[in-house]
$ cat work33.txt   # compact mmCIF, C-alpha atoms
# COMPACT_ATOMS: atom_id res chain seq x y z
CA MET A 1330 -122.54 -139.92 18.76
CA THR A 1331 -123.08 -143.28 17.01
CA ASP A 1332 -125.91 -145.77 17.46
CA ASP A 1333 -123.87 -147.80 19.96
CA GLY A 1334 -123.22 -144.70 22.07
CA SER A 1335 -119.50 -144.52 21.25
CA PRO A 1336 -118.05 -141.12 20.28
CA PHE A 1337 -115.12 -142.84 18.56
CA THR A 1338 -116.77 -145.31 16.13
CA PRO A 1339 -116.56 -143.68 12.68
CA HIS A 1340 -119.85 -145.10 11.26
CA THR A 1341 -123.31 -146.03 12.47
CA ALA A 1342 -124.43 -149.67 12.33
CA ALA A 1343 -126.68 -148.82 9.36
CA GLU A 1344 -123.83 -147.17 7.47
CA THR A 1345 -121.55 -150.13 8.13
CA ALA A 1346 -124.20 -152.59 6.91
CA SER A 1347 -124.79 -150.51 3.77
CA MET A 1348 -121.08 -150.43 2.91
CA LEU A 1349 -120.68 -154.18 3.51
CA ASP A 1350 -123.67 -154.84 1.27
CA ALA A 1351 -122.17 -152.68 -1.48
CA VAL A 1352 -118.92 -154.69 -1.54
CA GLY A 1353 -120.62 -158.04 -1.04
CA ALA A 1354 -119.12 -158.88 2.36
CA ASP A 1355 -120.91 -160.50 5.25
CA SER A 1356 -118.89 -158.79 7.97
CA GLU A 1357 -116.01 -156.40 8.56
CA GLU A 1358 -113.84 -159.38 9.50
CA ALA A 1359 -114.40 -160.87 6.04
CA LEU A 1360 -112.57 -157.90 4.53
CA PHE A 1361 -109.27 -158.95 6.12
CA ASP A 1362 -107.18 -162.10 5.82
CA ILE A 1363 -105.42 -162.30 9.18
CA PRO A 1364 -103.42 -165.51 9.76
CA GLU A 1365 -104.56 -167.43 12.83
CA PRO A 1366 -101.17 -167.30 14.62
CA VAL A 1367 -101.22 -163.48 14.75
CA ARG A 1368 -104.91 -162.97 15.51
CA PHE A 1369 -105.66 -161.31 18.83
CA ASP A 1370 -107.39 -163.82 21.08
CA GLY A 1371 -108.54 -161.31 23.66
CA ALA A 1372 -105.59 -161.64 26.05
CA TYR A 1373 -102.11 -160.12 25.93
CA GLY A 1374 -100.51 -162.82 28.07
CA ILE A 1375 -98.59 -160.25 30.11
CA ASP A 1376 -98.69 -160.67 33.86
CA ALA A 1377 -99.43 -157.56 35.92
CA ARG A 1378 -96.35 -156.11 37.60
CA SER A 1379 -95.63 -153.22 39.89
CA GLU A 1380 -93.91 -150.12 38.57
CA ARG A 1381 -90.73 -151.10 40.43
CA ARG A 1382 -90.75 -154.60 38.90
CA VAL A 1383 -91.37 -153.22 35.40
CA ARG A 1384 -88.46 -150.80 35.70
CA THR A 1385 -86.20 -153.62 36.91
CA ASP A 1386 -87.23 -155.94 34.07
CA VAL A 1387 -86.91 -153.27 31.38
CA GLY A 1388 -83.52 -152.21 32.76
CA ALA A 1389 -82.30 -155.81 32.64
CA THR A 1390 -83.41 -156.08 29.01
CA LEU A 1391 -81.73 -152.83 28.03
CA ASP A 1392 -78.53 -153.91 29.76
CA ARG A 1393 -78.24 -156.70 27.19
CA ASN A 1394 -77.84 -154.14 24.39
CA ALA A 1395 -74.39 -153.77 22.87
CA ASP A 1396 -72.54 -150.83 24.40
CA LEU A 1397 -71.24 -149.26 21.21
CA VAL A 1398 -69.52 -145.97 20.50
CA GLU A 1399 -71.29 -144.95 17.31
CA LEU A 1400 -69.09 -143.00 14.94
CA LEU A 1401 -71.85 -143.04 12.35
CA GLY A 1402 -73.12 -140.13 10.29
CA ARG A 1403 -74.21 -139.88 6.65
CA GLY A 1404 -77.27 -137.78 7.47
CA THR A 1405 -77.93 -138.64 11.13
CA TYR A 1406 -75.86 -136.77 13.70
CA ASP A 1407 -75.56 -136.89 17.46
CA HIS A 1408 -75.05 -133.59 19.26
CA TYR A 1409 -75.37 -132.99 22.98
CA VAL A 1410 -78.91 -131.87 23.79
CA PRO A 1411 -79.14 -129.69 26.94
CA SER A 1412 -81.38 -131.18 29.62
CA ALA A 1413 -83.47 -128.00 29.56
CA VAL A 1414 -84.77 -129.06 26.14
CA ASP A 1415 -86.22 -132.27 27.58
CA HIS A 1416 -87.73 -130.53 30.59
CA LEU A 1417 -89.32 -127.73 28.58
CA ALA A 1418 -90.50 -129.83 25.63
CA ASP A 1419 -92.06 -132.38 28.00
CA ARG A 1420 -94.55 -129.83 29.33
CA SER A 1421 -98.05 -131.20 28.78
CA GLU A 1422 -99.19 -128.30 26.61
CA PHE A 1423 -96.49 -129.24 24.09
CA LEU A 1424 -96.69 -133.03 24.34
CA THR A 1425 -100.48 -133.21 23.99
CA SER A 1426 -100.90 -130.45 21.42
CA TYR A 1427 -102.31 -131.34 18.02
CA THR A 1428 -101.97 -129.10 14.98
CA GLN A 1429 -102.66 -125.58 16.11
CA TYR A 1430 -105.87 -124.91 14.19
CA GLN A 1431 -107.34 -122.80 16.97
CA PRO A 1432 -104.90 -119.92 17.41
CA GLU A 1433 -106.75 -118.43 20.36
CA VAL A 1434 -105.75 -121.42 22.53
CA ALA A 1435 -102.34 -122.26 21.01
CA GLN A 1436 -100.43 -119.00 21.21
CA GLY A 1437 -97.41 -120.46 23.04
CA PHE A 1438 -96.83 -123.29 20.58
CA LEU A 1439 -97.49 -121.07 17.57
CA GLN A 1440 -94.97 -118.52 18.83
CA ALA A 1441 -92.39 -121.28 19.34
CA LEU A 1442 -92.89 -122.45 15.75
CA PHE A 1443 -92.70 -118.84 14.53
CA GLU A 1444 -89.35 -118.50 16.31
CA TYR A 1445 -88.19 -121.78 14.70
CA GLN A 1446 -89.07 -120.40 11.26
CA SER A 1447 -87.31 -117.12 12.09
CA MET A 1448 -84.12 -118.98 13.04
CA LEU A 1449 -84.09 -120.83 9.71
CA VAL A 1450 -84.65 -117.56 7.87
CA GLU A 1451 -81.64 -116.08 9.63
CA LEU A 1452 -79.46 -119.15 9.00
CA THR A 1453 -80.35 -119.57 5.32
CA GLY A 1454 -80.76 -115.94 4.29
CA LEU A 1455 -84.01 -116.90 2.54
CA PRO A 1456 -87.16 -115.03 3.59
CA VAL A 1457 -89.62 -117.94 3.93
CA ALA A 1458 -89.32 -121.08 6.07
CA ASN A 1459 -92.10 -123.46 7.00
CA CYS A 1460 -92.60 -125.06 10.40
CA SER A 1461 -90.97 -128.35 9.40
CA MET A 1462 -91.20 -131.35 7.10
CA TYR A 1463 -91.16 -135.03 7.99
CA ASP A 1464 -87.43 -135.35 7.26
CA ALA A 1465 -84.69 -134.25 4.88
CA ALA A 1466 -85.70 -136.75 2.19
CA THR A 1467 -89.33 -135.62 2.01
CA ALA A 1468 -88.18 -132.00 1.99
CA LEU A 1469 -86.08 -132.83 -1.09
CA GLY A 1470 -89.06 -134.50 -2.74
CA GLU A 1471 -91.22 -131.45 -2.03
CA ALA A 1472 -88.54 -129.20 -3.53
CA ALA A 1473 -88.61 -131.21 -6.76
CA THR A 1474 -92.37 -131.02 -7.14
CA LEU A 1475 -92.24 -127.30 -6.30
CA ALA A 1476 -89.67 -126.81 -9.08
CA ASP A 1477 -91.96 -128.62 -11.48
CA ARG A 1478 -94.83 -126.27 -10.60
CA VAL A 1479 -93.01 -122.95 -10.74
CA ARG A 1480 -90.77 -123.41 -13.77
CA ASP A 1481 -92.31 -121.96 -16.95
CA THR A 1482 -90.87 -124.44 -19.47
CA SER A 1483 -91.74 -128.09 -20.03
CA GLY A 1484 -88.47 -129.56 -18.75
CA THR A 1485 -88.61 -132.72 -16.66
CA ARG A 1486 -85.03 -133.46 -15.55
CA VAL A 1487 -83.91 -133.29 -11.91
CA LEU A 1488 -80.14 -133.51 -11.39
CA VAL A 1489 -78.64 -134.84 -8.16
CA PRO A 1490 -75.07 -135.80 -7.15
CA GLU A 1491 -74.07 -139.36 -7.99
CA LEU A 1492 -73.08 -139.84 -4.33
CA LEU A 1493 -76.56 -138.96 -3.04
CA ARG A 1494 -77.58 -141.39 -0.28
CA GLU A 1495 -79.61 -144.28 -1.66
CA GLY A 1496 -82.46 -143.80 0.80
CA ARG A 1497 -82.75 -140.08 0.08
CA ARG A 1498 -82.74 -140.68 -3.66
CA GLY A 1499 -85.34 -143.42 -3.24
CA VAL A 1500 -87.73 -141.05 -1.49
CA LEU A 1501 -87.14 -138.43 -4.19
CA GLU A 1502 -87.92 -140.95 -6.92
CA ASN A 1503 -91.10 -142.01 -5.11
CA TYR A 1504 -92.16 -138.37 -4.91
CA VAL A 1505 -91.78 -137.75 -8.63
CA ALA A 1506 -93.27 -141.11 -9.70
CA GLY A 1507 -96.66 -139.49 -10.28
CA THR A 1508 -95.22 -136.67 -12.40
CA ASP A 1509 -93.26 -136.43 -15.63
CA LEU A 1510 -90.07 -135.68 -13.70
CA THR A 1511 -87.04 -137.95 -14.00
CA VAL A 1512 -84.10 -138.10 -11.57
CA GLU A 1513 -80.62 -138.18 -13.09
CA SER A 1514 -77.12 -138.08 -11.59
CA TYR A 1515 -74.25 -135.75 -12.30
CA PRO A 1516 -70.60 -136.69 -11.62
CA THR A 1517 -68.55 -135.80 -8.59
CA ALA A 1518 -64.81 -135.31 -8.34
CA ASP A 1519 -63.06 -136.04 -5.05
CA ALA A 1520 -66.50 -136.16 -3.38
CA ASN A 1521 -67.54 -132.66 -4.52
CA ALA A 1522 -69.56 -131.69 -7.57
CA ASP A 1523 -67.70 -131.94 -10.87
CA VAL A 1524 -68.84 -128.48 -11.91
CA GLU A 1525 -67.56 -128.71 -15.48
CA ALA A 1526 -69.33 -132.04 -16.03
CA LEU A 1527 -72.46 -130.62 -14.43
CA ALA A 1528 -72.40 -127.65 -16.80
CA GLU A 1529 -72.36 -130.04 -19.76
CA ARG A 1530 -75.42 -131.89 -18.43
CA VAL A 1531 -77.58 -128.90 -17.63
CA ASP A 1532 -79.83 -127.66 -20.42
CA ASP A 1533 -83.23 -126.02 -20.68
CA GLU A 1534 -84.91 -129.36 -19.91
CA VAL A 1535 -83.51 -129.32 -16.36
CA VAL A 1536 -85.99 -128.06 -13.75
CA MET A 1537 -83.83 -128.49 -10.66
CA VAL A 1538 -80.18 -128.92 -9.68
CA TYR A 1539 -79.51 -130.30 -6.22
CA ALA A 1540 -76.25 -130.09 -4.27
CA GLU A 1541 -75.30 -130.76 -0.66
CA ASN A 1542 -73.03 -128.90 1.74
CA PRO A 1543 -71.56 -130.74 3.57
CA THR A 1544 -71.69 -133.63 1.15
CA VAL A 1545 -72.62 -137.15 2.16
CA ARG A 1546 -68.91 -137.85 2.63
CA GLY A 1547 -68.44 -134.86 4.91
CA THR A 1548 -66.58 -132.66 2.42
CA ILE A 1549 -67.29 -128.95 2.09
CA GLU A 1550 -68.66 -128.08 -1.34
CA GLU A 1551 -66.31 -125.38 -2.62
CA ARG A 1552 -68.09 -124.08 -5.73
CA LEU A 1553 -71.67 -123.56 -4.68
CA GLY A 1554 -71.82 -120.18 -6.38
CA ASP A 1555 -70.82 -121.75 -9.70
CA ILE A 1556 -73.45 -124.46 -9.31
CA GLY A 1557 -76.08 -121.82 -8.58
CA ALA A 1558 -75.02 -119.79 -11.63
CA ILE A 1559 -75.27 -122.85 -13.90
CA ALA A 1560 -78.79 -123.55 -12.67
CA ASP A 1561 -79.80 -119.90 -13.01
CA ASP A 1562 -78.47 -119.69 -16.59
CA HIS A 1563 -80.98 -122.35 -17.58
CA ASP A 1564 -83.86 -121.15 -15.37
CA ALA A 1565 -83.55 -124.24 -13.18
CA LEU A 1566 -84.06 -124.08 -9.43
CA PHE A 1567 -80.93 -124.47 -7.33
CA VAL A 1568 -81.77 -126.55 -4.26
CA LEU A 1569 -79.20 -126.90 -1.50
CA GLY A 1570 -79.19 -129.65 1.13
CA THR A 1571 -77.61 -128.93 4.52
CA ASP A 1572 -78.43 -129.01 8.26
CA ALA A 1573 -79.09 -126.62 11.11
CA VAL A 1574 -75.61 -126.88 12.65
CA ALA A 1575 -73.67 -126.57 9.41
CA LEU A 1576 -75.70 -123.50 8.41
CA SER A 1577 -74.20 -121.54 11.30
CA LEU A 1578 -70.69 -121.78 9.84
CA LEU A 1579 -70.80 -122.50 6.11
CA GLU A 1580 -71.67 -120.15 3.27
CA GLU A 1581 -75.13 -118.63 3.57
CA PRO A 1582 -77.31 -120.39 0.98
CA ALA A 1583 -78.93 -117.18 -0.26
CA SER A 1584 -75.49 -115.71 -1.02
CA VAL A 1585 -74.64 -118.56 -3.42
CA GLY A 1586 -77.91 -118.37 -5.31
CA ALA A 1587 -79.92 -121.09 -3.58
CA ASP A 1588 -83.63 -120.89 -4.41
CA VAL A 1589 -84.64 -123.56 -1.89
CA VAL A 1590 -82.84 -125.01 1.13
CA VAL A 1591 -83.76 -128.44 2.46
CA GLY A 1592 -82.16 -130.77 4.96
CA ASP A 1593 -82.14 -131.92 8.54
CA ALA A 1594 -83.26 -129.58 11.29
CA GLY A 1595 -83.19 -132.38 13.86
CA ALA A 1596 -79.40 -132.19 14.13
CA LEU A 1597 -80.37 -129.86 16.98
CA GLY A 1598 -82.70 -130.93 19.74
CA THR A 1599 -83.21 -134.64 19.13
CA GLY A 1600 -80.03 -136.70 19.37
CA SER A 1601 -79.66 -139.60 16.95
CA ALA A 1602 -81.89 -142.41 18.26
CA TYR A 1603 -83.37 -144.40 15.36
CA GLY A 1604 -82.58 -141.61 12.90
CA PHE A 1605 -85.24 -139.42 14.52
CA GLY A 1606 -85.31 -135.87 13.19
CA SER A 1607 -87.26 -133.37 11.11
CA GLY A 1608 -86.89 -131.75 7.73
CA LEU A 1609 -86.19 -128.07 7.12
CA PHE A 1610 -87.55 -126.18 4.13
CA ALA A 1611 -86.80 -122.55 3.25
CA CYS A 1612 -87.20 -120.70 -0.04
CA ARG A 1613 -87.42 -117.39 -1.84
CA GLU A 1614 -90.49 -115.21 -1.35
CA ALA A 1615 -91.57 -115.79 -4.95
CA PHE A 1616 -92.50 -119.34 -3.97
CA LEU A 1617 -94.53 -118.38 -0.90
CA ARG A 1618 -97.81 -119.79 -2.21
CA GLN A 1619 -96.05 -123.00 -3.25
CA VAL A 1620 -94.48 -123.87 0.11
CA PRO A 1621 -95.51 -127.33 1.34
CA GLY A 1622 -96.84 -127.87 4.84
CA ARG A 1623 -97.62 -124.91 7.05
CA LEU A 1624 -96.43 -121.42 7.85
CA VAL A 1625 -96.99 -119.63 11.14
CA GLY A 1626 -97.46 -115.90 10.86
CA ALA A 1627 -97.69 -112.99 13.31
CA GLY A 1628 -100.34 -110.28 13.35
CA GLU A 1629 -102.58 -108.46 15.80
CA ASP A 1630 -105.80 -109.49 17.50
CA ALA A 1631 -108.86 -107.26 17.92
CA ALA A 1632 -107.28 -105.64 20.98
CA GLY A 1633 -104.10 -104.76 19.09
CA ARG A 1634 -102.00 -107.41 20.79
CA ARG A 1635 -99.41 -109.43 18.90
CA ALA A 1636 -100.99 -112.76 17.90
CA TYR A 1637 -99.89 -115.87 16.00
CA THR A 1638 -101.81 -118.11 13.64
CA LEU A 1639 -101.34 -120.60 10.82
CA THR A 1640 -101.28 -118.31 7.81
CA LEU A 1641 -100.72 -120.86 5.06
CA GLN A 1642 -101.77 -124.51 4.85
CA THR A 1643 -101.42 -126.15 1.45
CA ARG A 1644 -102.51 -129.67 2.22
CA GLU A 1645 -105.33 -131.28 0.24
CA GLN A 1646 -107.64 -131.93 3.20
CA HIS A 1647 -108.52 -128.25 3.45
CA ILE A 1648 -110.44 -126.11 1.00
CA ARG A 1649 -107.69 -126.35 -1.64
CA ARG A 1650 -108.54 -129.99 -2.43
CA GLU A 1651 -107.47 -130.63 -6.05
CA ARG A 1652 -105.57 -127.32 -6.07
CA ALA A 1653 -103.36 -128.40 -3.19
CA THR A 1654 -99.64 -128.08 -3.76
CA SER A 1655 -98.58 -130.77 -1.30
CA ASN A 1656 -99.75 -133.97 0.31
CA ILE A 1657 -97.80 -133.26 3.50
CA CYS A 1658 -100.62 -133.55 6.04
CA SER A 1659 -98.81 -132.92 9.29
CA ASN A 1660 -95.41 -131.78 10.41
CA GLN A 1661 -92.82 -132.45 13.05
CA ALA A 1662 -94.04 -129.59 15.22
CA TRP A 1663 -92.82 -131.02 18.53
CA VAL A 1664 -89.42 -131.88 17.04
CA ALA A 1665 -89.18 -128.42 15.50
CA LEU A 1666 -89.99 -127.02 18.92
CA ARG A 1667 -87.03 -128.95 20.37
CA THR A 1668 -84.78 -127.64 17.59
CA ALA A 1669 -85.81 -124.07 18.36
CA MET A 1670 -85.22 -124.58 22.08
CA HIS A 1671 -81.77 -126.05 21.50
CA ALA A 1672 -80.77 -123.26 19.12
CA ALA A 1673 -82.05 -120.59 21.52
CA LEU A 1674 -80.16 -122.12 24.44
CA LEU A 1675 -76.92 -122.19 22.43
CA GLY A 1676 -77.34 -118.71 21.00
CA PRO A 1677 -75.41 -117.58 17.91
CA ASP A 1678 -71.98 -117.93 19.54
CA GLY A 1679 -72.74 -121.33 21.01
CA LEU A 1680 -74.06 -122.66 17.71
CA VAL A 1681 -70.93 -121.52 15.90
CA GLU A 1682 -68.82 -123.15 18.62
CA VAL A 1683 -70.55 -126.49 18.03
CA ALA A 1684 -69.99 -126.13 14.29
CA ASN A 1685 -66.31 -125.25 14.76
CA ASP A 1686 -65.91 -128.39 16.87
CA CYS A 1687 -67.30 -130.39 13.96
CA VAL A 1688 -64.51 -129.06 11.75
CA ARG A 1689 -61.76 -129.39 14.35
CA LEU A 1690 -62.63 -132.91 15.46
CA ALA A 1691 -62.88 -134.23 11.91
CA ASP A 1692 -59.52 -132.71 11.03
CA GLU A 1693 -57.75 -133.91 14.19
CA THR A 1694 -59.17 -137.44 14.04
CA ALA A 1695 -58.28 -137.84 10.36
CA ASP A 1696 -54.70 -136.75 11.13
CA ARG A 1697 -54.45 -139.30 13.94
CA LEU A 1698 -55.75 -142.13 11.76
CA ASP A 1699 -53.36 -141.12 9.00
CA ASP A 1700 -50.51 -141.95 11.37
CA VAL A 1701 -51.82 -145.50 11.85
CA VAL A 1702 -50.10 -148.24 9.85
CA GLY A 1703 -52.51 -149.53 7.22
CA MET A 1704 -54.66 -146.36 7.18
CA ARG A 1705 -54.78 -143.19 5.10
CA ALA A 1706 -57.06 -140.31 6.05
CA PRO A 1707 -58.78 -138.35 4.81
CA VAL A 1708 -59.28 -139.88 1.36
CA HIS A 1709 -60.57 -136.61 -0.07
CA ASP A 1710 -58.28 -133.59 -0.22
CA ARG A 1711 -60.99 -131.27 1.09
CA HIS A 1712 -62.12 -129.47 4.20
CA HIS A 1713 -64.46 -131.67 6.22
CA PHE A 1714 -67.40 -131.17 8.55
CA ARG A 1715 -68.09 -133.86 11.19
CA GLU A 1716 -67.11 -136.82 9.02
CA PHE A 1717 -64.49 -138.06 6.59
CA VAL A 1718 -63.59 -141.17 4.61
CA ALA A 1719 -60.47 -143.18 5.48
CA HIS A 1720 -58.68 -145.74 3.28
CA THR A 1721 -57.77 -149.11 4.77
CA ASP A 1722 -55.13 -151.46 3.35
CA GLN A 1723 -57.14 -154.37 4.73
CA PRO A 1724 -60.70 -155.01 3.44
CA ALA A 1725 -62.89 -152.33 4.99
CA ALA A 1726 -65.66 -154.73 5.98
CA ALA A 1727 -63.22 -156.87 7.97
CA VAL A 1728 -61.78 -153.82 9.73
CA ALA A 1729 -65.28 -152.59 10.56
CA ASP A 1730 -66.22 -155.99 12.00
CA ASP A 1731 -63.11 -156.02 14.17
CA LEU A 1732 -63.87 -152.50 15.36
CA LEU A 1733 -67.41 -153.57 16.16
CA ALA A 1734 -66.02 -156.32 18.36
CA GLU A 1735 -63.99 -153.64 20.15
CA GLY A 1736 -67.12 -151.52 20.70
CA TYR A 1737 -66.89 -149.00 17.82
CA ALA A 1738 -69.31 -148.66 14.89
CA VAL A 1739 -68.32 -147.02 11.60
CA HIS A 1740 -69.74 -147.03 8.08
CA VAL A 1741 -68.28 -149.17 5.29
CA VAL A 1742 -68.52 -147.09 2.09
CA GLY A 1743 -66.15 -148.95 -0.22
CA GLU A 1744 -64.07 -152.07 -0.52
CA HIS A 1745 -61.21 -150.30 1.25
CA GLU A 1746 -63.02 -147.26 2.65
CA LEU A 1747 -64.54 -146.50 6.03
CA GLN A 1748 -66.46 -143.36 6.95
CA VAL A 1749 -66.00 -141.90 10.43
CA CYS A 1750 -68.21 -139.25 12.04
CA VAL A 1751 -67.11 -137.34 15.16
CA THR A 1752 -68.96 -134.76 17.23
CA GLU A 1753 -68.62 -133.34 20.71
CA THR A 1754 -70.56 -136.33 22.09
CA THR A 1755 -67.95 -138.85 20.91
CA GLU A 1756 -64.86 -136.71 21.57
CA PRO A 1757 -64.08 -138.45 24.92
CA GLU A 1758 -64.01 -141.83 23.13
CA LEU A 1759 -61.60 -140.91 20.35
CA ASP A 1760 -58.39 -141.99 22.11
CA GLY A 1761 -59.77 -145.49 22.55
CA PHE A 1762 -61.06 -145.51 18.98
CA VAL A 1763 -57.70 -144.61 17.48
CA GLU A 1764 -56.01 -147.28 19.62
CA ALA A 1765 -58.54 -149.85 18.41
CA VAL A 1766 -57.94 -148.88 14.78
CA ALA A 1767 -54.20 -149.29 15.29
CA GLU A 1768 -54.80 -152.83 16.56
CA VAL A 1769 -57.12 -154.03 13.78
CA ALA A 1770 -55.97 -152.15 10.67
CA ARG A 1771 -52.38 -153.39 10.39

$ encode --input "work33.txt" --output "structure tokens"
Amino acid sequence: MTDDGSPFTPHTAAETASMLDAVGADSEEALFDIPEPVRFDGAYGIDARSERRVRTDVGATLDRNADLVELLGRGTYDHYVPSAVDHLADRSEFLTSYTQYQPEVAQGFLQALFEYQSMLVELTGLPVANCSMYDAATALGEAATLADRVRDTSGTRVLVPELLREGRRGVLENYVAGTDLTVESYPTADANADVEALAERVDDEVVMVYAENPTVRGTIEERLGDIGAIADDHDALFVLGTDAVALSLLEEPASVGADVVVGDAGALGTGSAYGFGSGLFACREAFLRQVPGRLVGAGEDAAGRRAYTLTLQTREQHIRRERATSNICSNQAWVALRTAMHAALLGPDGLVEVANDCVRLADETADRLDDVVGMRAPVHDRHHFREFVAHTDQPAAAVADDLLAEGYAVHVVGEHELQVCVTETTEPELDGFVEAVAEVAR
């Protein structure tokens, strides 16, 4: 309790005065330069309203939003989330739970996270999975710094596909900025890795080779085993980027030599609002002590009952301090919980069914657009998952603007290229979309 009786004020009045004296400031306010127009004047200026009036006003505001069919992907995907996920995840013991430091009072949440980890282990074939990262980009950054720690030689090169999303590469480069690591690109051919060119670029100075399946353009990477072998020949870590839905259908990462799997777990359980999601991270057992974030483990209590606890926490705030392997201080536990619930509700067969729909819908929609005058789809002669690139005779930006006016949003990825993403949630809108493309693309 502080001098003013508040349990929330972080310092006593004497401590605050001492710190201000040390920095030569007269008051806490003097430490900040807040422009007058944005200073809080003690009143919010919001009239009190009843719940009914608030709901009416908010509804009227939301009704002004554009009613768009979003055929957008490139890392953020919209799958139908069963209502049971919302109802279960909204239980107060999940919503109000902080990190589960006290296992004796957090058994339910810890078990849910243990099940989440177990699902990722089964999907990836790798024996260790943590209970989530912030997102796919931070998971990739953590994989790079892990590679730097575990590799015996002094190499500093990290190789990524030239088509890697700008935002994901930016996070990776921020992660390695405090190390000797450098991020370099390797070529792609028809949206997949140019394996021969990659082999020429990999030497003993490479610490990590990163590939994605599906790729950012929705193509299925066909030579993952070869990429893994190239990395292994030079003692580099092979890191594979993917997502929870794709893992149910595509090659098991462990079978193609992946040392670490990163990506988006939030493709299940969250929908696509504002890019909300969580990062997955799984690896080989040799890297157990290097895993960022937290691991939930199972054991027995004093009475011999099965019990769950946080068995590994590598963040710097704990006793590891300067020996910490990661600065990840929290995780997306509640989002991971939703992912586990969604996967459990689908079951193995249901998850594969969703993944098969991602292949079927991409193939069927590309075929339909290919029949449209002024369009050619898909651009890449590959198998696709969820999304594909289509060529437009007209400038792609103009076609996308016209489609936006018709209520459909797609990505512009080139002067004459659009990228289209389709899942089960947008399947009912595809007839109208194809008709709109036929109107604006000619």

$ closest_residue --input "work33.txt" --among "A:Thr1754, A:Thr1425, A:Gln1723, A:Asn1459" --to "Arg1618 (chain A)" --atoms "all atoms listed in the file"
A:Asn1459

$ closest_residue --input "work33.txt" --among "A:Val1591, A:Val1718, A:Val1352, A:Ala1725" --to "Gly1547 (chain A)" --atoms "only C-alpha atoms"
A:Val1718

$ closest_residue --input "work33.txt" --among "A:Pro1621, A:Gly1507, A:Gly1592, A:Pro1411" --to "Val1545 (chain A)" --atoms "only C-alpha atoms"
A:Gly1592

$ residues_around --input "work33.txt" --residues "region 1593-1599 of chain A" --least-positions-apart "5" --cutoff "6 Å" --atoms "all atoms listed in the file" --output "VMD selection string"
chain A and resid 1406 1410 1465 1572 to 1573 1606 to 1609 1667 to 1668 1671

$ residues_around --input "work33.txt" --residues "region 1638-1640 of chain A" --least-positions-apart "2" --cutoff "6 Å" --atoms "only C-alpha atoms" --output "number ranges by chain"
A: 1432, 1624-1626

$ closest_residue --input "work33.txt" --among "A:Arg1697, A:Arg1368, A:His1720, A:His1713" --to "Asp1760 (chain A)" --atoms "only C-alpha atoms"
A:Arg1697

$ residues_around --input "work33.txt" --residues "Phe1616 (chain A)" --least-positions-apart "3" --cutoff "12 Å" --atoms "only C-alpha atoms" --output "NGL selection string"
:A and (1455-1459 or 1472 or 1475-1480 or 1566 or 1588-1589 or 1610-1613 or 1619-1621 or 1654)

$ residues_around --input "work33.txt" --residues "Val1769 (chain A)" --least-positions-apart "3" --cutoff "10 Å" --atoms "only C-alpha atoms" --output "list in words"
Val1702, Gly1703, Gln1723, Ala1727, Val1728, Ala1729, Asp1730, Asp1731, Leu1732, Glu1735, Glu1764, Ala1765 and Val1766 of chain A

$ atom_distance --input "work33.txt" --atom1 "CA of Asp1686 (chain A)" --atom2 "CA of Gly1736 (chain A)"
23.5 Å

$ residues_around --input "work33.txt" --residues "Ser1426 (chain A)" --least-positions-apart "3" --cutoff "10 Å" --atoms "only C-alpha atoms" --output "ChimeraX atom specification"
/A:1421-1423,1429,1435,1438,1662-1663

$ closest_residue --input "work33.txt" --among "A:Ala1389, A:Ile1657, A:Ala1526, A:Ala1587" --to "Asp1464 (chain A)" --atoms "all atoms listed in the file"
A:Ile1657

$ closest_residue --input "work33.txt" --among "A:Val1763, A:Ala1719, A:Asp1386, A:Asp1692" --to "Glu1744 (chain A)" --atoms "all atoms listed in the file"
A:Ala1719

$ atom_distance --input "work33.txt" --atom1 "CA of Ala1631 (chain A)" --atom2 "CA of Ser1447 (chain A)"
24.4 Å

$ atom_distance --input "work33.txt" --atom1 "CA of Leu1400 (chain A)" --atom2 "CA of Val1664 (chain A)"
23.3 Å

$ residues_near_point --input "work33.txt" --point "(-79.6, -123.9, 10.4)" --cutoff "7 Å" --atoms "all atoms listed in the file" --output "short mmCIF file (atom, residue, chain, number, x, y, z; two decimals) with C-alpha atoms, in the coordinates of the input"
data_model
loop_
_atom_site.label_atom_id
_atom_site.label_comp_id
_atom_site.auth_asym_id
_atom_site.auth_seq_id
_atom_site.Cartn_x
_atom_site.Cartn_y
_atom_site.Cartn_z
CA LEU A 1449 -84.09 -120.83 9.71
CA LEU A 1452 -79.46 -119.15 9.00
CA THR A 1453 -80.35 -119.57 5.32
CA ASP A 1572 -78.43 -129.01 8.26
CA ALA A 1573 -79.09 -126.62 11.11
CA VAL A 1574 -75.61 -126.88 12.65
CA ALA A 1575 -73.67 -126.57 9.41
CA LEU A 1576 -75.70 -123.50 8.41
CA SER A 1577 -74.20 -121.54 11.30
CA ALA A 1594 -83.26 -129.58 11.29
#
